[in-house]
$ cat upload.cif   # mmCIF, C-alpha atoms (C1' of nucleotides)
data_structure
loop_
_atom_site.group_PDB
_atom_site.id
_atom_site.type_symbol
_atom_site.label_atom_id
_atom_site.label_comp_id
_atom_site.auth_asym_id
_atom_site.auth_seq_id
_atom_site.Cartn_x
_atom_site.Cartn_y
_atom_site.Cartn_z
ATOM 1 C CA MET A 946 43.164 -62.821 -102.546
ATOM 2 C CA LYS A 947 45.777 -64.302 -104.812
ATOM 3 C CA SER A 948 49.447 -64.655 -104.212
ATOM 4 C CA GLU A 949 52.167 -66.579 -105.952
ATOM 5 C CA PRO A 950 53.450 -68.956 -103.285
ATOM 6 C CA PHE A 951 57.045 -68.474 -104.351
ATOM 7 C CA VAL A 952 56.593 -64.783 -103.633
ATOM 8 C CA TYR A 953 54.458 -64.987 -100.494
ATOM 9 C CA SER A 954 52.691 -68.192 -99.477
ATOM 10 C CA ILE A 955 50.184 -69.117 -96.801
ATOM 11 C CA ASP A 956 53.159 -70.500 -94.854
ATOM 12 C CA ASP A 957 54.860 -67.128 -95.026
ATOM 13 C CA LEU A 958 51.685 -65.539 -93.726
ATOM 14 C CA GLU A 959 51.463 -68.067 -90.903
ATOM 15 C CA GLU A 960 55.032 -67.320 -89.939
ATOM 16 C CA ASP A 961 54.538 -63.554 -90.047
ATOM 17 C CA GLY A 962 51.090 -63.602 -88.459
ATOM 18 C CA THR A 963 50.011 -60.489 -90.331
ATOM 19 C CA THR A 964 51.106 -58.689 -93.469
ATOM 20 C CA TYR A 965 50.208 -55.699 -95.568
ATOM 21 C CA TRP A 966 48.872 -56.464 -99.024
ATOM 22 C CA ASP A 967 51.012 -54.197 -101.155
ATOM 23 C CA GLY A 968 51.508 -54.056 -104.891
ATOM 24 C CA VAL A 969 47.917 -54.213 -106.105
ATOM 25 C CA ARG A 970 47.977 -52.091 -109.269
ATOM 26 C CA ASN A 971 44.631 -52.879 -110.796
ATOM 27 C CA TYR A 972 41.715 -50.519 -110.327
ATOM 28 C CA GLN A 973 39.045 -53.161 -109.847
ATOM 29 C CA ALA A 974 41.122 -54.925 -107.232
ATOM 30 C CA ARG A 975 41.964 -51.625 -105.556
ATOM 31 C CA ASN A 976 38.333 -50.601 -105.420
ATOM 32 C CA LEU A 977 37.374 -53.899 -103.823
ATOM 33 C CA MET A 978 39.984 -53.451 -101.121
ATOM 34 C CA ARG A 979 39.197 -49.787 -100.591
ATOM 35 C CA ASP A 980 35.425 -49.888 -100.740
ATOM 36 C CA ARG A 981 34.332 -53.384 -99.788
ATOM 37 C CA MET A 982 36.836 -54.943 -97.398
ATOM 38 C CA LYS A 983 36.131 -54.385 -93.722
ATOM 39 C CA VAL A 984 38.014 -55.382 -90.597
ATOM 40 C CA GLY A 985 36.978 -58.912 -89.694
ATOM 41 C CA ASP A 986 36.164 -59.968 -93.247
ATOM 42 C CA HIS A 987 37.326 -63.455 -94.080
ATOM 43 C CA VAL A 988 39.593 -64.088 -97.024
ATOM 44 C CA LEU A 989 40.280 -67.106 -99.210
ATOM 45 C CA TYR A 990 44.023 -67.270 -99.701
ATOM 46 C CA TYR A 991 44.696 -68.462 -103.239
ATOM 47 C CA HIS A 992 48.000 -69.698 -104.586
ATOM 48 C CA SER A 993 48.319 -68.636 -108.206
ATOM 49 C CA ASN A 994 51.033 -69.756 -110.598
ATOM 50 C CA ALA A 995 51.378 -72.819 -108.408
ATOM 51 C CA LYS A 996 51.289 -76.529 -109.077
ATOM 52 C CA PRO A 997 48.483 -77.008 -108.581
ATOM 53 C CA PRO A 998 46.834 -73.607 -108.211
ATOM 54 C CA GLY A 999 44.114 -73.355 -105.593
ATOM 55 C CA VAL A 1000 42.880 -72.024 -102.269
ATOM 56 C CA ALA A 1001 45.494 -72.828 -99.637
ATOM 57 C CA GLY A 1002 43.809 -71.472 -96.539
ATOM 58 C CA LEU A 1003 42.052 -68.603 -94.840
ATOM 59 C CA ALA A 1004 43.014 -65.151 -93.662
ATOM 60 C CA ARG A 1005 41.095 -62.201 -92.304
ATOM 61 C CA VAL A 1006 41.223 -58.469 -92.717
ATOM 62 C CA VAL A 1007 42.727 -56.757 -89.661
ATOM 63 C CA LYS A 1008 43.156 -53.249 -91.066
ATOM 64 C CA ALA A 1009 40.941 -51.534 -93.606
ATOM 65 C CA ALA A 1010 42.315 -49.851 -96.716
ATOM 66 C CA TYR A 1011 45.020 -47.224 -96.392
ATOM 67 C CA PRO A 1012 47.479 -45.789 -98.931
ATOM 68 C CA ASP A 1013 50.014 -48.227 -100.363
ATOM 69 C CA HIS A 1014 53.282 -46.483 -99.526
ATOM 70 C CA THR A 1015 55.236 -48.699 -101.930
ATOM 71 C CA SER A 1016 53.627 -46.695 -104.744
ATOM 72 C CA TRP A 1017 55.721 -43.642 -103.939
ATOM 73 C CA ASP A 1018 59.027 -45.387 -103.308
ATOM 74 C CA ALA A 1019 60.949 -44.402 -106.417
ATOM 75 C CA ASN A 1020 63.389 -47.277 -105.947
ATOM 76 C CA GLY A 1021 60.786 -49.964 -105.396
ATOM 77 C CA LYS A 1022 59.249 -52.221 -107.979
ATOM 78 C CA TYR A 1023 55.746 -50.971 -107.186
ATOM 79 C CA PHE A 1024 56.580 -47.307 -107.806
ATOM 80 C CA ASP A 1025 53.926 -45.253 -109.578
ATOM 81 C CA PRO A 1026 54.954 -41.656 -110.317
ATOM 82 C CA LYS A 1027 51.311 -40.649 -110.425
ATOM 83 C CA SER A 1028 50.811 -41.639 -106.801
ATOM 84 C CA SER A 1029 51.963 -39.476 -103.897
ATOM 85 C CA PRO A 1030 51.352 -39.183 -100.144
ATOM 86 C CA GLU A 1031 49.215 -36.111 -100.899
ATOM 87 C CA SER A 1032 47.201 -37.939 -103.528
ATOM 88 C CA PRO A 1033 47.569 -41.700 -103.141
ATOM 89 C CA ARG A 1034 46.409 -43.742 -106.083
ATOM 90 C CA TRP A 1035 46.856 -47.226 -104.616
ATOM 91 C CA PHE A 1036 45.676 -48.794 -101.407
ATOM 92 C CA MET A 1037 46.343 -51.858 -99.326
ATOM 93 C CA VAL A 1038 44.799 -53.694 -96.406
ATOM 94 C CA ASP A 1039 46.387 -55.726 -93.632
ATOM 95 C CA ILE A 1040 45.480 -59.382 -93.308
ATOM 96 C CA ALA A 1041 46.185 -61.954 -90.607
ATOM 97 C CA PHE A 1042 46.727 -65.689 -90.884
ATOM 98 C CA GLU A 1043 43.723 -67.676 -89.870
ATOM 99 C CA GLU A 1044 44.056 -71.243 -91.063
ATOM 100 C CA LYS A 1045 45.923 -73.457 -93.478
ATOM 101 C CA PHE A 1046 43.701 -76.030 -95.128
ATOM 102 C CA GLN A 1047 44.274 -79.736 -94.511
ATOM 103 C CA GLN A 1048 43.995 -80.107 -98.227
ATOM 104 C CA MET A 1049 44.325 -77.355 -100.780
ATOM 105 C CA VAL A 1050 41.107 -76.715 -102.683
ATOM 106 C CA THR A 1051 42.501 -76.864 -106.186
ATOM 107 C CA LEU A 1052 41.298 -74.906 -109.167
ATOM 108 C CA ASP A 1053 40.358 -78.236 -110.760
ATOM 109 C CA ARG A 1054 38.223 -79.089 -107.735
ATOM 110 C CA ILE A 1055 36.487 -75.713 -107.941
ATOM 111 C CA LYS A 1056 35.869 -76.165 -111.663
ATOM 112 C CA ALA A 1057 34.327 -79.559 -110.967
ATOM 113 C CA GLU A 1058 31.943 -78.288 -108.290
ATOM 114 C CA PRO A 1059 28.527 -77.293 -109.649
ATOM 115 C CA ALA A 1060 27.881 -74.882 -106.759
ATOM 116 C CA LEU A 1061 31.059 -72.941 -107.547
ATOM 117 C CA GLN A 1062 30.554 -72.281 -111.230
ATOM 118 C CA GLU A 1063 29.625 -68.652 -110.679
ATOM 119 C CA MET A 1064 32.768 -67.765 -108.775
ATOM 120 C CA VAL A 1065 34.570 -64.704 -110.071
ATOM 121 C CA LEU A 1066 37.658 -66.908 -110.079
ATOM 122 C CA LEU A 1067 36.224 -68.845 -113.001
ATOM 123 C CA LYS A 1068 34.751 -65.829 -114.770
ATOM 124 C CA ARG A 1069 37.473 -63.204 -114.469
ATOM 125 C CA SER A 1070 40.376 -65.297 -113.543
ATOM 126 C CA ARG A 1071 43.076 -62.659 -113.618
ATOM 127 C CA LEU A 1072 41.686 -60.304 -111.009
ATOM 128 C CA SER A 1073 43.965 -60.592 -107.973
ATOM 129 C CA VAL A 1074 41.395 -59.497 -105.404
ATOM 130 C CA GLN A 1075 37.924 -60.861 -105.940
ATOM 131 C CA PRO A 1076 34.579 -60.872 -104.172
ATOM 132 C CA VAL A 1077 33.360 -64.258 -102.904
ATOM 133 C CA GLU A 1078 29.795 -65.192 -102.043
ATOM 134 C CA ALA A 1079 29.188 -66.446 -98.495
ATOM 135 C CA LYS A 1080 27.966 -69.792 -99.813
ATOM 136 C CA GLU A 1081 31.019 -70.180 -101.995
ATOM 137 C CA PHE A 1082 33.249 -69.300 -99.091
ATOM 138 C CA SER A 1083 31.716 -71.780 -96.664
ATOM 139 C CA LEU A 1084 31.738 -74.597 -99.183
ATOM 140 C CA ILE A 1085 35.400 -74.074 -99.993
ATOM 141 C CA ALA A 1086 36.234 -73.891 -96.282
ATOM 142 C CA LYS A 1087 34.461 -77.213 -95.703
ATOM 143 C CA ILE A 1088 36.275 -78.881 -98.574
ATOM 144 C CA GLY A 1089 39.590 -77.486 -97.347
ATOM 145 C CA ARG A 1090 38.953 -78.805 -93.839
ATOM 146 C CA GLY A 1091 38.142 -82.230 -95.201
ATOM 147 C CA GLN A 1092 34.529 -82.034 -94.037
ATOM 148 C CA ILE A 1093 33.407 -82.627 -97.604
ATOM 149 C CA PRO A 1094 35.316 -84.984 -99.894
ATOM 150 C "C1'" DG B 17 57.727 -71.261 -122.515
ATOM 151 C "C1'" DC B 18 53.407 -70.322 -124.806
ATOM 152 C "C1'" DC B 19 49.614 -67.675 -125.406
ATOM 153 C "C1'" DA B 20 44.672 -66.153 -124.506
ATOM 154 C "C1'" DA B 21 42.368 -62.798 -122.124
ATOM 155 C "C1'" DC B 22 42.413 -58.597 -120.489
ATOM 156 C "C1'" DG B 23 43.963 -53.980 -118.733
ATOM 157 C "C1'" DT B 24 46.570 -49.774 -119.689
ATOM 158 C "C1'" DT B 25 48.726 -46.243 -122.448
ATOM 159 C "C1'" DG B 26 49.066 -42.743 -125.624
ATOM 160 C "C1'" DG B 27 48.706 -40.882 -130.397
ATOM 161 C "C1'" DC B 28 45.339 -39.059 -133.130
ATOM 162 C "C1'" DG C 577 36.772 -40.978 -127.384
ATOM 163 C "C1'" DC C 578 38.747 -44.514 -130.312
ATOM 164 C "C1'" DC C 579 41.752 -48.075 -130.847
ATOM 165 C "C1'" DA C 580 46.401 -50.088 -131.882
ATOM 166 C "C1'" DA C 581 50.238 -51.354 -129.437
ATOM 167 C "C1'" DC C 582 51.973 -53.012 -125.555
ATOM 168 C "C1'" DG C 583 52.307 -55.195 -120.910
ATOM 169 C "C1'" DT C 584 50.627 -58.489 -117.442
ATOM 170 C "C1'" DT C 585 48.423 -62.509 -115.506
ATOM 171 C "C1'" DG C 586 48.214 -67.085 -114.817
ATOM 172 C "C1'" DG C 587 46.676 -71.689 -116.526
ATOM 173 C "C1'" DC C 588 48.459 -75.112 -119.223
#
$ encode --input "upload.cif" --output "structure tokens"
Amino acid sequence: MKSEPFVYSIDDLEEDGTTYWDGVRNYQARNLMRDRMKVGDHVLYYHSNAKPPGVAGLARVVKAAYPDHTSWDANGKYFDPKSSPESPRWFMVDIAFEEKFQQMVTLDRIKAEPALQEMVLLKRSRLSVQPVEAKEFSLIAKIGRGQIP
DNA sequence: GCCAACGTTGGC
DNA sequence: GCCAACGTTGGC
């Protein structure tokens, strides 16, 4: 899951403990949250639009998809007039802080790693919620923990 | 700040 | 259903 750290960083998540992942307004990303994410799933927390961009730590899903109420707040920036409580168009999940990496796994590092070339991050870079293979996940976690240089 | 790569919208 | 115009994302 991607977030701009100046909007909501891994440190913000650590401070809050849990948060709801509002504002996703892309159908592919919505479908992933709604159809694929289950309670207990682990999440790579990616800082986009950062210097440098990269995976900053880990989170986990603590509540499965439910309607994103910010979509029907007419005064909010995530308002969508086509979404309503009766017929919600957008969904969110709740995630909890799990771990901040010793060292951020930068986008450059991921690009340089042969085993990570197939990551959706490198193929469809603008999707804000992406599926990650178990092998990709564990390798990035090891690099982030400093277990692999 | 630029701009490439996409995703969405809406006229036809 | 096509596609041009427009908006957004996010690395650089």
$ resolve_selection --input "upload.cif" --expression "the PyMOL selection byres ((chain C) within 9 of (chain A))" --output "list in words"
DT585, DG586 and DG587 of chain C
$ residues_around --input "upload.cif" --residues "Gln1075 of chain A" --least-positions-apart "3" --cutoff "9 Å" --atoms "only C-alpha atoms (C1' of nucleotides)" --output "JSON, numbers by chain"
{"A": [946, 947, 973, 974, 977, 1065, 1066, 1069, 1072]}
$ resolve_selection --input "upload.cif" --expression "the PyMOL selection byres ((chain A and resi 951) around 12)" --output "PDB file with C-alpha atoms, in the frame of the given file"
ATOM      1  CA  SER A 948      49.447 -64.655-104.212  1.00  0.00           C
ATOM      2  CA  GLU A 949      52.167 -66.579-105.952  1.00  0.00           C
ATOM      3  CA  PRO A 950      53.450 -68.956-103.285  1.00  0.00           C
ATOM      4  CA  VAL A 952      56.593 -64.783-103.633  1.00  0.00           C
ATOM      5  CA  TYR A 953      54.458 -64.987-100.494  1.00  0.00           C
ATOM      6  CA  SER A 954      52.691 -68.192 -99.477  1.00  0.00           C
ATOM      7  CA  ILE A 955      50.184 -69.117 -96.801  1.00  0.00           C
ATOM      8  CA  ASP A 956      53.159 -70.500 -94.854  1.00  0.00           C
ATOM      9  CA  ASP A 957      54.860 -67.128 -95.026  1.00  0.00           C
ATOM     10  CA  HIS A 992      48.000 -69.698-104.586  1.00  0.00           C
ATOM     11  CA  SER A 993      48.319 -68.636-108.206  1.00  0.00           C
ATOM     12  CA  ASN A 994      51.033 -69.756-110.598  1.00  0.00           C
ATOM     13  CA  ALA A 995      51.378 -72.819-108.408  1.00  0.00           C
ATOM     14  CA  LYS A 996      51.289 -76.529-109.077  1.00  0.00           C
TER      15      LYS A 996
END
$ residues_around --input "upload.cif" --residues "Gln1047 of chain A" --least-positions-apart "5" --cutoff "12 Å" --atoms "all atoms listed in the file" --output "list in words"
Val1000, Ala1001, Gly1002, Leu1003, Ile1085, Ala1086, Lys1087, Ile1088, Gly1089, Arg1090, Gly1091, Gln1092, Ile1093 and Pro1094 of chain A
$ atom_distance --input "upload.cif" --atom1 "atom CA of Tyr990 of chain A" --atom2 "atom C1' of DA21 of chain B"
22.9 Å
$ axis_aligned_box --input "upload.cif" --around "segment 1020-1037 of chain A" --padding-each-side "8 Å" --output "JSON"
{"center_x": 54.5, "center_y": -44.2, "center_z": -104.9, "size_x": 33.7, "size_y": 32.1, "size_z": 27.1}
$ atom_distance --input "upload.cif" --atom1 "atom CA of Asp980 of chain A" --atom2 "atom CA of Arg1034 of chain A"
13.7 Å
$ atom_distance --input "upload.cif" --atom1 "atom CA of Ala1009 of chain A" --atom2 "atom CA of Asp986 of chain A"
9.7 Å
$ resolve_selection --input "upload.cif" --expression "the PyMOL selection byres ((chain C and resi 584) around 9)" --output "PyMOL selection string"
(chain B and resi 22-23) or (chain C and resi 583+585)
